[in-house]
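Undergrad: Could you have a look at this structure, given as structure tokens, before my questions?
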Amino acid sequence: MKTYTNTGSKDTRSGFGAGLTELGKTNENVVALCADLIGSLKMDDFKANHPERFFQVGIAEANMIGLAAGMTIGGKIPFTGTFANFSTGRVYDQIRQSVAYSDKNVKICASHAGLTLGEDGATHQILEDIGLMKMLPGMTVINPCDYNQTKAATIAIAKHHGPVYLRFGRPKVANFTPENQTFEIGKALHLVDGTDVTIVATGHLVWEALEAAKALNEKGISAEVINIHTIKPLDDEAIIKSVSKTGCIVTAEEHNFLGGLGESVARVLATSKPTPQEFVATKDTFGESGTPEQLMEKYGLNSQAIIKAVETVIKRK
Amino acid sequence: MPNTQHLKDLTTQVRRDILRMVHKVNSGHPGGSLGCAEFFVTLYQSIMDRKDGFDMDGIGEDLFFLSNGHISPVYYSVLARSGYFPVEELNTFRLINTRLQGHPTTHENLPGIRIASGSLGQGMSVALGAAQTKKLNNDSHLIYSLHGDGELQEGQNWEAIMYAAGNNVDNIIATIDLNGQQIDGSTDDVLPMGSVKDKFEAFGWTVVEINEGNDIDAILKGMAEAKSKTGQGKPVCVLLKTVMGNGVDFMMHTHAWHGKAPNDEQLAIGLAQNPETLGDY
């Protein structure tokens with residue numbers, strides 16, 4: 001089976017920062033706004049290089065979203081930066097009316113998504129953001145898997161006209177996708193060929209899925225691994241094609257199983273190709289304090305959890 | 001003083017449009033719409049420097065944002081009568097498949113609208129963003145916006161008001177419709193706000209008061225004064241004292257007509273008080 005190498009763990013938020021730095025040089029219409037989290041979002045470079053295009057809004061996320069919507073009028077492409085919780089739940093109505101319904105070209109860039117921000121605990125660990133954002137008509141939802149892909153996604157969304165939710169995280173995770181890759185919104189990436197089960201994963205769970213596939217291979221189970229970096233629009237075709245071969249599927253995400261990738265996949269399969277599915281996701285719960293590793297273990301979001309789900313779903317074929 | 005007869009005639013016609021629009025669909029918000037008729041007419045006909053036609057980016061012209069979107073009848077009437085779309089389209093207000101949704105939206109590509117509004121308290125931020133883009137584009141034109149007084153109870157306004165002064169956004173004139181009424185009663189009864197003037201000044205804004213907000217000459221004078229105060233490092237706020245329901249006697253000075261349409265008889269009385277000037281749609 002095809003294997004992947006971690007070229008050195010890095011945080012996906014730094015991938016965002018690097019992408020934004022690149023955009024600063026290449027696209028003069030890109031502007032950035034931040035709600036008092038410049039360091040956490042890795043927006044320091046953009047701010048230093050383009051102070052006239054950088055807007056510190058203070059701890060006022062609702063105003064930040066509205067400002068960004070207004071800045072599009074006249075041709076700017078605003079990138080807002082704060083934690084995922086404050087990027088979505090806190091400002092849902094502002095995004096709904098001033099950005100999504102108004103079809104504004106705003107890029108909502110959200111760090112510290114999911115459990116892996118760790119010790120800060122549940123107030124900061126949003127597990128509902130994918131659901132909140134994918135429900136908004138016209139919103140594109142992207143959750144890249146590593147540093148390189150987050151950088152590429154950041155650059156790619158500037159070229160896409162329309163509102164985008166870009167979700168990434170805090171911890172250092174395996175960096176294994178190609179440097180300077182081209183990022184195609186809505187196009188699933190086929191990572192490993194397999195015949196017994198399909199594993200579709202998004203974000204931090206993609207590396208865990210690869211680890212799981214390796215271990216499963218040693219047990220004689222051939223797993224196909226697909227990286228779904230774009231949850232909306234979903235690459236229905238890639239999913240249907242894969243399960244047509246494997247006959248069962250496991251979805252894996254750092255998100256609640258209500259409203260996440262798994263539900264989007266289930267909708268596609270229910271209407272096009274009913275297939276046994278298991279969900280690796282949090283089960284309608286809040287998070288808590290702990291190290292990222294402890295939390296992913298406790299809430300069943302690591303490679304072991306994926307292996308278990310695969311063993312269950314194969315029996316249901 | 002310029003001859004304002006045309007503006008007065010147009011205002012009367014706009015009042016008729018408002019009454020007929022909400023009457024036809026037995027819904028909509030006539031009170032606040034009537035109270036701001038003079039302001040909208042004056043803004044679009046005399047105050048703003050507008051290009052012909054409409055494009056979303058609006059580079060090289062003044063822009064207007066309506067934050068209290070429920071007063072869409074006056075907005076639609078004045079946009080139509082300022083040439084953005086045919087006045088006959090006012091006939092479709094709130095009907096299925098219309099571009100004239102209950103609250104304004106960009107979603108139906110109605111010329112003249114640059115942001116959806118309806119959920120209150122968001123327009124100040126949007127207007128400020130547009131103002132900052134004007135500066136980035138070296139476009140010396142101004143941003144105008146309108147907000148309800150009750151709407152100031154939404155906290156996002158105060159985030160925006162603080163931001164504007166802190167960032168010297170001095171190319172905006174944000175007008176507050178001080179009619180003292182909201183759905184549940186007078187603003188003083190619902191949530192006393194104290195002095196709006198003191199609050200804006202404390203937040204670092206320049207405040208201009210127009211005490212006769214239903215008088216076209218007073219609006220022209222006050223808005224000219226407001227314009228003269230832009231470009232001086234501080235955002236500018238206009239406190240426009242209006243009478244809700246202005247021009248239709250039984251709708252005046254009460255919140256009762258905030259979101260209620262007149263019946264046939266009431267419509268006839270209202271129209272009789274505002275004889276046709278430029279032609280009904």
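Within each chain, counting starts at residue 1; across the structure tokens, chains are named A, B, ... in the order shown, with ligands numbered 1 upward in that order.
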Where does chain A meet chain B within 12 Å, residue by residue, with the nearest atom pair and distance in Å to one decimal for each, counting only C-alpha atoms, listed by chain and rising number, as JSON lines?
TA:
{"residue": "A:Glu28", "atom": "CA", "partner": "B:Leu136", "partner_atom": "CA", "distance": 10.4}
{"residue": "A:Asn29", "atom": "CA", "partner": "B:Leu136", "partner_atom": "CA", "distance": 9.4}
{"residue": "A:Val30", "atom": "CA", "partner": "B:Thr133", "partner_atom": "CA", "distance": 11.2}
{"residue": "A:Val31", "atom": "CA", "partner": "B:Thr133", "partner_atom": "CA", "distance": 9.6}
{"residue": "A:Ala32", "atom": "CA", "partner": "B:Gly129", "partner_atom": "CA", "distance": 11.8}
{"residue": "A:Leu33", "atom": "CA", "partner": "B:Gly129", "partner_atom": "CA", "distance": 10.7}
{"residue": "A:Ala35", "atom": "CA", "partner": "B:Glu159", "partner_atom": "CA", "distance": 11.5}
{"residue": "A:His50", "atom": "CA", "partner": "B:Leu136", "partner_atom": "CA", "distance": 12.0}
{"residue": "A:Pro51", "atom": "CA", "partner": "B:Leu136", "partner_atom": "CA", "distance": 11.6}
{"residue": "A:Glu52", "atom": "CA", "partner": "B:Leu136", "partner_atom": "CA", "distance": 7.9}
{"residue": "A:Arg53", "atom": "CA", "partner": "B:Leu136", "partner_atom": "CA", "distance": 7.9}
{"residue": "A:Phe54", "atom": "CA", "partner": "B:Leu136", "partner_atom": "CA", "distance": 11.0}
{"residue": "A:Phe55", "atom": "CA", "partner": "B:Asn167", "partner_atom": "CA", "distance": 9.2}
{"residue": "A:Gln56", "atom": "CA", "partner": "B:Tyr163", "partner_atom": "CA", "distance": 9.4}
{"residue": "A:Val57", "atom": "CA", "partner": "B:Tyr163", "partner_atom": "CA", "distance": 6.8}
{"residue": "A:Gly58", "atom": "CA", "partner": "B:Tyr163", "partner_atom": "CA", "distance": 8.2}
{"residue": "A:Ile59", "atom": "CA", "partner": "B:Glu159", "partner_atom": "CA", "distance": 8.7}
{"residue": "A:Ala60", "atom": "CA", "partner": "B:Glu159", "partner_atom": "CA", "distance": 6.0}
{"residue": "A:Glu61", "atom": "CA", "partner": "B:Glu159", "partner_atom": "CA", "distance": 8.8}
{"residue": "A:Ala62", "atom": "CA", "partner": "B:Gln156", "partner_atom": "CA", "distance": 6.1}
{"residue": "A:Asn63", "atom": "CA", "partner": "B:Ser125", "partner_atom": "CA", "distance": 5.4}
{"residue": "A:Met64", "atom": "CA", "partner": "B:Ser125", "partner_atom": "CA", "distance": 7.5}
{"residue": "A:Ile65", "atom": "CA", "partner": "B:Ser125", "partner_atom": "CA", "distance": 7.9}
{"residue": "A:Gly66", "atom": "CA", "partner": "B:Val126", "partner_atom": "CA", "distance": 4.6}
{"residue": "A:Leu67", "atom": "CA", "partner": "B:Gly129", "partner_atom": "CA", "distance": 4.0}
{"residue": "A:Ala68", "atom": "CA", "partner": "B:Gly129", "partner_atom": "CA", "distance": 6.1}
{"residue": "A:Ala69", "atom": "CA", "partner": "B:Val126", "partner_atom": "CA", "distance": 5.9}
{"residue": "A:Gly70", "atom": "CA", "partner": "B:Val126", "partner_atom": "CA", "distance": 4.1}
{"residue": "A:Met71", "atom": "CA", "partner": "B:Gly129", "partner_atom": "CA", "distance": 4.4}
{"residue": "A:Thr72", "atom": "CA", "partner": "B:Ala130", "partner_atom": "CA", "distance": 7.3}
{"residue": "A:Ile73", "atom": "CA", "partner": "B:Asp57", "partner_atom": "CA", "distance": 4.7}
{"residue": "A:Gly74", "atom": "CA", "partner": "B:Asp57", "partner_atom": "CA", "distance": 4.1}
{"residue": "A:Gly75", "atom": "CA", "partner": "B:Asp57", "partner_atom": "CA", "distance": 6.2}
{"residue": "A:Lys76", "atom": "CA", "partner": "B:Thr133", "partner_atom": "CA", "distance": 7.0}
{"residue": "A:Ile77", "atom": "CA", "partner": "B:Thr133", "partner_atom": "CA", "distance": 10.2}
{"residue": "A:Pro78", "atom": "CA", "partner": "B:Gly129", "partner_atom": "CA", "distance": 9.9}
{"residue": "A:Arg90", "atom": "CA", "partner": "B:Gln156", "partner_atom": "CA", "distance": 11.6}
{"residue": "A:Val91", "atom": "CA", "partner": "B:Gln156", "partner_atom": "CA", "distance": 10.2}
{"residue": "A:Tyr92", "atom": "CA", "partner": "B:Ser119", "partner_atom": "CA", "distance": 11.6}
{"residue": "A:Asp93", "atom": "CA", "partner": "B:Ser119", "partner_atom": "CA", "distance": 7.8}
{"residue": "A:Gln94", "atom": "CA", "partner": "B:Gln122", "partner_atom": "CA", "distance": 6.9}
{"residue": "A:Ile95", "atom": "CA", "partner": "B:Gln122", "partner_atom": "CA", "distance": 10.2}
{"residue": "A:Arg96", "atom": "CA", "partner": "B:Ser119", "partner_atom": "CA", "distance": 9.7}
{"residue": "A:Gln97", "atom": "CA", "partner": "B:Ala116", "partner_atom": "CA", "distance": 6.1}
{"residue": "A:Ser98", "atom": "CA", "partner": "B:Ala116", "partner_atom": "CA", "distance": 6.1}
{"residue": "A:Val99", "atom": "CA", "partner": "B:Ile115", "partner_atom": "CA", "distance": 8.6}
{"residue": "A:Ala100", "atom": "CA", "partner": "B:His107", "partner_atom": "CA", "distance": 9.5}
{"residue": "A:Tyr101", "atom": "CA", "partner": "B:His107", "partner_atom": "CA", "distance": 6.5}
{"residue": "A:Ser102", "atom": "CA", "partner": "B:Thr106", "partner_atom": "CA", "distance": 5.4}
{"residue": "A:Asp103", "atom": "CA", "partner": "B:His107", "partner_atom": "CA", "distance": 7.2}
{"residue": "A:Lys104", "atom": "CA", "partner": "B:Ile115", "partner_atom": "CA", "distance": 8.6}
{"residue": "A:Asn105", "atom": "CA", "partner": "B:Asp57", "partner_atom": "CA", "distance": 11.9}
{"residue": "A:Val106", "atom": "CA", "partner": "B:Gly129", "partner_atom": "CA", "distance": 11.8}
{"residue": "A:Pro137", "atom": "CA", "partner": "B:His107", "partner_atom": "CA", "distance": 11.2}
{"residue": "A:Gly138", "atom": "CA", "partner": "B:His107", "partner_atom": "CA", "distance": 10.9}
Undergrad: Please provide as number ranges by chain all residues within 10 Å of region 177-180 of chain B, with the sequence filter that same-chain residues fewer than 6 positions apart are discarded (counting only C-alpha atoms).
TA: B: 31-32, 35-36, 39, 68, 146-151, 186-189, 192, 196, 210-211, 213, 238-245, 253-255
Undergrad: I'd like the neighbourhood of region 188-198 of chain A as a VMD selection string, where a residue qualifies if any of its atoms comes within 9 Å (using only C-alpha atoms), though same-chain residues fewer than 6 positions away should be ignored.
TA: chain A and resid 1 to 4 210 213 221 to 230 234 to 236 238 to 239 242 to 243 245 to 251 310 313 to 314
Undergrad: Any idea what's packed within 9 Å of region 227-229 of chain B, counting only C-alpha atoms, ignoring anything in its chain fewer than 4 positions away? Could you give it as number ranges by chain?
TA: B: 142, 170-173, 206, 222-223, 234-236
Undergrad: Please return as a PDB file with N, CA, C and O atoms, in the first residue's frame: the residues of region 38-120 of chain B that backbone DSSP assigns to strand (DSSP E or B).
TA:
ATOM      1  N   LEU B  63     -22.085  56.046  -1.023  1.00  0.00           N
ATOM      2  CA  LEU B  63     -22.893  54.843  -0.825  1.00  0.00           C
ATOM      3  C   LEU B  63     -23.777  54.997   0.410  1.00  0.00           C
ATOM      4  O   LEU B  63     -23.417  55.700   1.352  1.00  0.00           O
ATOM      5  N   PHE B  64     -24.917  54.319   0.371  1.00  0.00           N
ATOM      6  CA  PHE B  64     -25.829  54.348   1.509  1.00  0.00           C
ATOM      7  C   PHE B  64     -26.115  52.934   1.988  1.00  0.00           C
ATOM      8  O   PHE B  64     -26.326  52.025   1.173  1.00  0.00           O
ATOM      9  N   PHE B  65     -26.135  52.747   3.297  1.00  0.00           N
ATOM     10  CA  PHE B  65     -26.502  51.461   3.891  1.00  0.00           C
ATOM     11  C   PHE B  65     -27.657  51.658   4.874  1.00  0.00           C
ATOM     12  O   PHE B  65     -27.571  52.507   5.766  1.00  0.00           O
ATOM     13  N   LEU B  66     -28.693  50.859   4.680  1.00  0.00           N
ATOM     14  CA  LEU B  66     -29.832  50.875   5.608  1.00  0.00           C
ATOM     15  C   LEU B  66     -29.646  49.742   6.610  1.00  0.00           C
ATOM     16  O   LEU B  66     -29.613  48.576   6.227  1.00  0.00           O
TER      17      LEU B  66
END
Undergrad: Show which residues sit within 12 Å of region 270-272 of chain A, as a PDB file with all heavy atoms, in the first residue's frame. Count only C-alpha atoms, and ignore same-chain residues fewer than 2 positions away.
TA:
ATOM      1  N   ASP A 236     -19.270  14.181  -3.948  1.00  0.00           N
ATOM      2  CA  ASP A 236     -20.163  13.013  -3.880  1.00  0.00           C
ATOM      3  C   ASP A 236     -19.613  11.857  -4.715  1.00  0.00           C
ATOM      4  O   ASP A 236     -19.632  10.693  -4.298  1.00  0.00           O
ATOM      5  CB  ASP A 236     -21.561  13.356  -4.441  1.00  0.00           C
ATOM      6  CG  ASP A 236     -22.246  14.461  -3.667  1.00  0.00           C
ATOM      7  OD1 ASP A 236     -21.591  15.062  -2.792  1.00  0.00           O
ATOM      8  OD2 ASP A 236     -23.434  14.727  -3.937  1.00  0.00           O
ATOM      9  N   GLU A 237     -19.141  12.224  -5.894  1.00  0.00           N
ATOM     10  CA  GLU A 237     -18.721  11.208  -6.860  1.00  0.00           C
ATOM     11  C   GLU A 237     -17.587  10.341  -6.321  1.00  0.00           C
ATOM     12  O   GLU A 237     -17.606   9.113  -6.463  1.00  0.00           O
ATOM     13  CB  GLU A 237     -18.262  11.934  -8.129  1.00  0.00           C
ATOM     14  CG  GLU A 237     -18.496  11.180  -9.400  1.00  0.00           C
ATOM     15  CD  GLU A 237     -18.029  12.020 -10.577  1.00  0.00           C
ATOM     16  OE1 GLU A 237     -18.520  13.157 -10.733  1.00  0.00           O
ATOM     17  OE2 GLU A 237     -17.133  11.542 -11.304  1.00  0.00           O
ATOM     18  N   ILE A 239     -16.879   9.662  -3.275  1.00  0.00           N
ATOM     19  CA  ILE A 239     -17.360   8.795  -2.196  1.00  0.00           C
ATOM     20  C   ILE A 239     -18.139   7.608  -2.766  1.00  0.00           C
ATOM     21  O   ILE A 239     -17.924   6.454  -2.390  1.00  0.00           O
ATOM     22  CB  ILE A 239     -18.232   9.625  -1.220  1.00  0.00           C
ATOM     23  CG1 ILE A 239     -17.369  10.685  -0.513  1.00  0.00           C
ATOM     24  CG2 ILE A 239     -18.923   8.722  -0.197  1.00  0.00           C
ATOM     25  CD1 ILE A 239     -18.152  11.797   0.137  1.00  0.00           C
ATOM     26  N   ILE A 240     -19.038   7.903  -3.699  1.00  0.00           N
ATOM     27  CA  ILE A 240     -19.874   6.844  -4.280  1.00  0.00           C
ATOM     28  C   ILE A 240     -18.996   5.834  -5.030  1.00  0.00           C
ATOM     29  O   ILE A 240     -19.171   4.621  -4.913  1.00  0.00           O
ATOM     30  CB  ILE A 240     -20.939   7.464  -5.219  1.00  0.00           C
ATOM     31  CG1 ILE A 240     -21.938   8.271  -4.396  1.00  0.00           C
ATOM     32  CG2 ILE A 240     -21.656   6.382  -6.024  1.00  0.00           C
ATOM     33  CD1 ILE A 240     -22.813   9.200  -5.217  1.00  0.00           C
ATOM     34  N   LYS A 241     -18.013   6.365  -5.748  1.00  0.00           N
ATOM     35  CA  LYS A 241     -17.125   5.492  -6.517  1.00  0.00           C
ATOM     36  C   LYS A 241     -16.356   4.544  -5.588  1.00  0.00           C
ATOM     37  O   LYS A 241     -16.230   3.342  -5.860  1.00  0.00           O
ATOM     38  CB  LYS A 241     -16.144   6.371  -7.311  1.00  0.00           C
ATOM     39  CG  LYS A 241     -15.427   5.637  -8.421  1.00  0.00           C
ATOM     40  CD  LYS A 241     -14.597   6.588  -9.263  1.00  0.00           C
ATOM     41  CE  LYS A 241     -13.458   5.817  -9.902  1.00  0.00           C
ATOM     42  NZ  LYS A 241     -12.323   6.654 -10.257  1.00  0.00           N
ATOM     43  N   VAL A 243     -17.114   3.570  -2.403  1.00  0.00           N
ATOM     44  CA  VAL A 243     -17.927   2.554  -1.699  1.00  0.00           C
ATOM     45  C   VAL A 243     -18.500   1.536  -2.676  1.00  0.00           C
ATOM     46  O   VAL A 243     -18.844   0.419  -2.269  1.00  0.00           O
ATOM     47  CB  VAL A 243     -19.066   3.172  -0.838  1.00  0.00           C
ATOM     48  CG1 VAL A 243     -18.501   4.060   0.244  1.00  0.00           C
ATOM     49  CG2 VAL A 243     -20.079   3.903  -1.691  1.00  0.00           C
ATOM     50  N   SER A 244     -18.589   1.891  -3.947  1.00  0.00           N
ATOM     51  CA  SER A 244     -19.036   0.921  -4.945  1.00  0.00           C
ATOM     52  C   SER A 244     -18.055  -0.248  -5.001  1.00  0.00           C
ATOM     53  O   SER A 244     -18.417  -1.377  -5.321  1.00  0.00           O
ATOM     54  CB  SER A 244     -19.130   1.572  -6.327  1.00  0.00           C
ATOM     55  OG  SER A 244     -20.092   2.597  -6.301  1.00  0.00           O
ATOM     56  N   GLY A 262     -19.606  13.273   8.569  1.00  0.00           N
ATOM     57  CA  GLY A 262     -20.276  11.975   8.523  1.00  0.00           C
ATOM     58  C   GLY A 262     -21.719  12.093   8.071  1.00  0.00           C
ATOM     59  O   GLY A 262     -22.194  11.297   7.256  1.00  0.00           O
ATOM     60  N   GLU A 263     -22.409  13.088   8.569  1.00  0.00           N
ATOM     61  CA  GLU A 263     -23.806  13.274   8.166  1.00  0.00           C
ATOM     62  C   GLU A 263     -23.922  13.673   6.696  1.00  0.00           C
ATOM     63  O   GLU A 263     -24.855  13.255   6.015  1.00  0.00           O
ATOM     64  CB  GLU A 263     -24.491  14.324   9.054  1.00  0.00           C
ATOM     65  CG  GLU A 263     -24.980  13.730  10.352  1.00  0.00           C
ATOM     66  CD  GLU A 263     -26.019  14.602  11.049  1.00  0.00           C
ATOM     67  OE1 GLU A 263     -26.256  15.743  10.603  1.00  0.00           O
ATOM     68  OE2 GLU A 263     -26.576  14.128  12.033  1.00  0.00           O
ATOM     69  N   SER A 264     -22.978  14.480   6.246  1.00  0.00           N
ATOM     70  CA  SER A 264     -23.007  14.856   4.820  1.00  0.00           C
ATOM     71  C   SER A 264     -22.792  13.621   3.952  1.00  0.00           C
ATOM     72  O   SER A 264     -23.451  13.448   2.921  1.00  0.00           O
ATOM     73  CB  SER A 264     -21.923  15.886   4.510  1.00  0.00           C
ATOM     74  OG  SER A 264     -22.276  17.147   5.035  1.00  0.00           O
ATOM     75  N   VAL A 265     -21.869  12.758   4.379  1.00  0.00           N
ATOM     76  CA  VAL A 265     -21.600  11.534   3.622  1.00  0.00           C
ATOM     77  C   VAL A 265     -22.836  10.625   3.665  1.00  0.00           C
ATOM     78  O   VAL A 265     -23.236  10.044   2.650  1.00  0.00           O
ATOM     79  CB  VAL A 265     -20.356  10.815   4.194  1.00  0.00           C
ATOM     80  CG1 VAL A 265     -20.215   9.413   3.610  1.00  0.00           C
ATOM     81  CG2 VAL A 265     -19.097  11.644   3.927  1.00  0.00           C
ATOM     82  N   ALA A 266     -23.459  10.528   4.834  1.00  0.00           N
ATOM     83  CA  ALA A 266     -24.640   9.675   4.988  1.00  0.00           C
ATOM     84  C   ALA A 266     -25.768  10.127   4.061  1.00  0.00           C
ATOM     85  O   ALA A 266     -26.490   9.308   3.489  1.00  0.00           O
ATOM     86  CB  ALA A 266     -25.103   9.680   6.440  1.00  0.00           C
ATOM     87  N   ARG A 267     -25.912  11.431   3.917  1.00  0.00           N
ATOM     88  CA  ARG A 267     -26.951  11.949   3.020  1.00  0.00           C
ATOM     89  C   ARG A 267     -26.689  11.515   1.577  1.00  0.00           C
ATOM     90  O   ARG A 267     -27.600  11.059   0.879  1.00  0.00           O
ATOM     91  CB  ARG A 267     -26.994  13.476   3.087  1.00  0.00           C
ATOM     92  CG  ARG A 267     -27.972  14.115   2.089  1.00  0.00           C
ATOM     93  CD  ARG A 267     -27.820  15.632   2.017  1.00  0.00           C
ATOM     94  NE  ARG A 267     -26.464  16.054   1.734  1.00  0.00           N
ATOM     95  CZ  ARG A 267     -25.891  16.019   0.521  1.00  0.00           C
ATOM     96  NH1 ARG A 267     -26.555  15.583  -0.528  1.00  0.00           N
ATOM     97  NH2 ARG A 267     -24.646  16.427   0.363  1.00  0.00           N
ATOM     98  N   VAL A 268     -25.432  11.619   1.171  1.00  0.00           N
ATOM     99  CA  VAL A 268     -25.076  11.224  -0.196  1.00  0.00           C
ATOM    100  C   VAL A 268     -25.358   9.731  -0.402  1.00  0.00           C
ATOM    101  O   VAL A 268     -25.981   9.328  -1.383  1.00  0.00           O
ATOM    102  CB  VAL A 268     -23.580  11.511  -0.477  1.00  0.00           C
ATOM    103  CG1 VAL A 268     -23.147  10.886  -1.798  1.00  0.00           C
ATOM    104  CG2 VAL A 268     -23.331  13.009  -0.478  1.00  0.00           C
ATOM    105  N   PRO A 274     -27.045   3.348  -0.684  1.00  0.00           N
ATOM    106  CA  PRO A 274     -27.083   2.983   0.742  1.00  0.00           C
ATOM    107  C   PRO A 274     -25.956   2.012   1.095  1.00  0.00           C
ATOM    108  O   PRO A 274     -25.796   0.984   0.429  1.00  0.00           O
ATOM    109  CB  PRO A 274     -28.457   2.332   0.894  1.00  0.00           C
ATOM    110  CG  PRO A 274     -29.283   2.975  -0.159  1.00  0.00           C
ATOM    111  CD  PRO A 274     -28.355   3.187  -1.326  1.00  0.00           C
ATOM    112  N   THR A 275     -25.176   2.400   2.122  1.00  0.00           N
ATOM    113  CA  THR A 275     -23.944   1.680   2.462  1.00  0.00           C
ATOM    114  C   THR A 275     -23.771   1.691   3.977  1.00  0.00           C
ATOM    115  O   THR A 275     -23.993   2.732   4.594  1.00  0.00           O
ATOM    116  CB  THR A 275     -22.728   2.411   1.818  1.00  0.00           C
ATOM    117  OG1 THR A 275     -22.942   2.536   0.416  1.00  0.00           O
ATOM    118  CG2 THR A 275     -21.430   1.670   2.064  1.00  0.00           C
ATOM    119  N   PRO A 276     -23.373   0.578   4.575  1.00  0.00           N
ATOM    120  CA  PRO A 276     -23.083   0.602   6.014  1.00  0.00           C
ATOM    121  C   PRO A 276     -22.005   1.650   6.329  1.00  0.00           C
ATOM    122  O   PRO A 276     -20.998   1.729   5.616  1.00  0.00           O
ATOM    123  CB  PRO A 276     -22.569  -0.810   6.299  1.00  0.00           C
ATOM    124  CG  PRO A 276     -23.128  -1.653   5.207  1.00  0.00           C
ATOM    125  CD  PRO A 276     -23.194  -0.759   3.998  1.00  0.00           C
ATOM    126  N   GLN A 277     -22.251   2.433   7.373  1.00  0.00           N
ATOM    127  CA  GLN A 277     -21.329   3.519   7.724  1.00  0.00           C
ATOM    128  C   GLN A 277     -21.131   3.562   9.233  1.00  0.00           C
ATOM    129  O   GLN A 277     -22.073   3.359   9.995  1.00  0.00           O
ATOM    130  CB  GLN A 277     -21.910   4.870   7.247  1.00  0.00           C
ATOM    131  CG  GLN A 277     -21.066   6.081   7.619  1.00  0.00           C
ATOM    132  CD  GLN A 277     -21.662   7.394   7.112  1.00  0.00           C
ATOM    133  OE1 GLN A 277     -22.647   7.389   6.363  1.00  0.00           O
ATOM    134  NE2 GLN A 277     -21.088   8.501   7.517  1.00  0.00           N
TER     135      GLN A 277
END
Undergrad: Give me the residues near Val14 (chain B) as number ranges by chain, where near means some atom within 8 Å (using only C-alpha atoms) and where sequence neighbours in that chain fewer than 4 positions away do not count.
TA: B: 10, 18, 37, 74, 77-78
Undergrad: Please produce a file of the residues just selected, as a short mmCIF file (atom, residue, chain, number, x, y, z; two decimals), in the first residue's frame, where the atoms kept are N, CA, C and O atoms.
TA:
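Written out: again26.cif:
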data_model
loop_
_atom_site.label_atom_id
_atom_site.label_comp_id
_atom_site.auth_asym_id
_atom_site.auth_seq_id
_atom_site.Cartn_x
_atom_site.Cartn_y
_atom_site.Cartn_z
N LEU B 10 -41.99 65.00 -4.19
CA LEU B 10 -41.53 63.61 -4.24
C LEU B 10 -41.82 62.91 -2.90
O LEU B 10 -42.26 61.75 -2.87
N ILE B 18 -45.63 54.20 0.00
CA ILE B 18 -45.49 53.41 1.23
C ILE B 18 -46.85 52.86 1.65
O ILE B 18 -46.99 51.65 1.92
N ALA B 37 -39.26 59.50 5.31
CA ALA B 37 -39.47 59.80 3.88
C ALA B 37 -38.67 61.03 3.45
O ALA B 37 -37.99 61.02 2.42
N VAL B 74 -39.99 52.66 2.33
CA VAL B 74 -39.47 53.97 1.93
C VAL B 74 -38.20 53.82 1.09
O VAL B 74 -37.98 54.55 0.12
N SER B 77 -39.26 52.67 -2.45
CA SER B 77 -39.92 53.74 -3.18
C SER B 77 -38.91 54.77 -3.68
O SER B 77 -38.92 55.18 -4.85
N VAL B 78 -38.01 55.17 -2.78
CA VAL B 78 -37.04 56.20 -3.17
C VAL B 78 -36.02 55.66 -4.17
O VAL B 78 -35.62 56.37 -5.11
#
Undergrad: CA of Gly233 (chain B) and CA of Ala165 (chain B), how far apart in Å?
TA: 8.1 Å
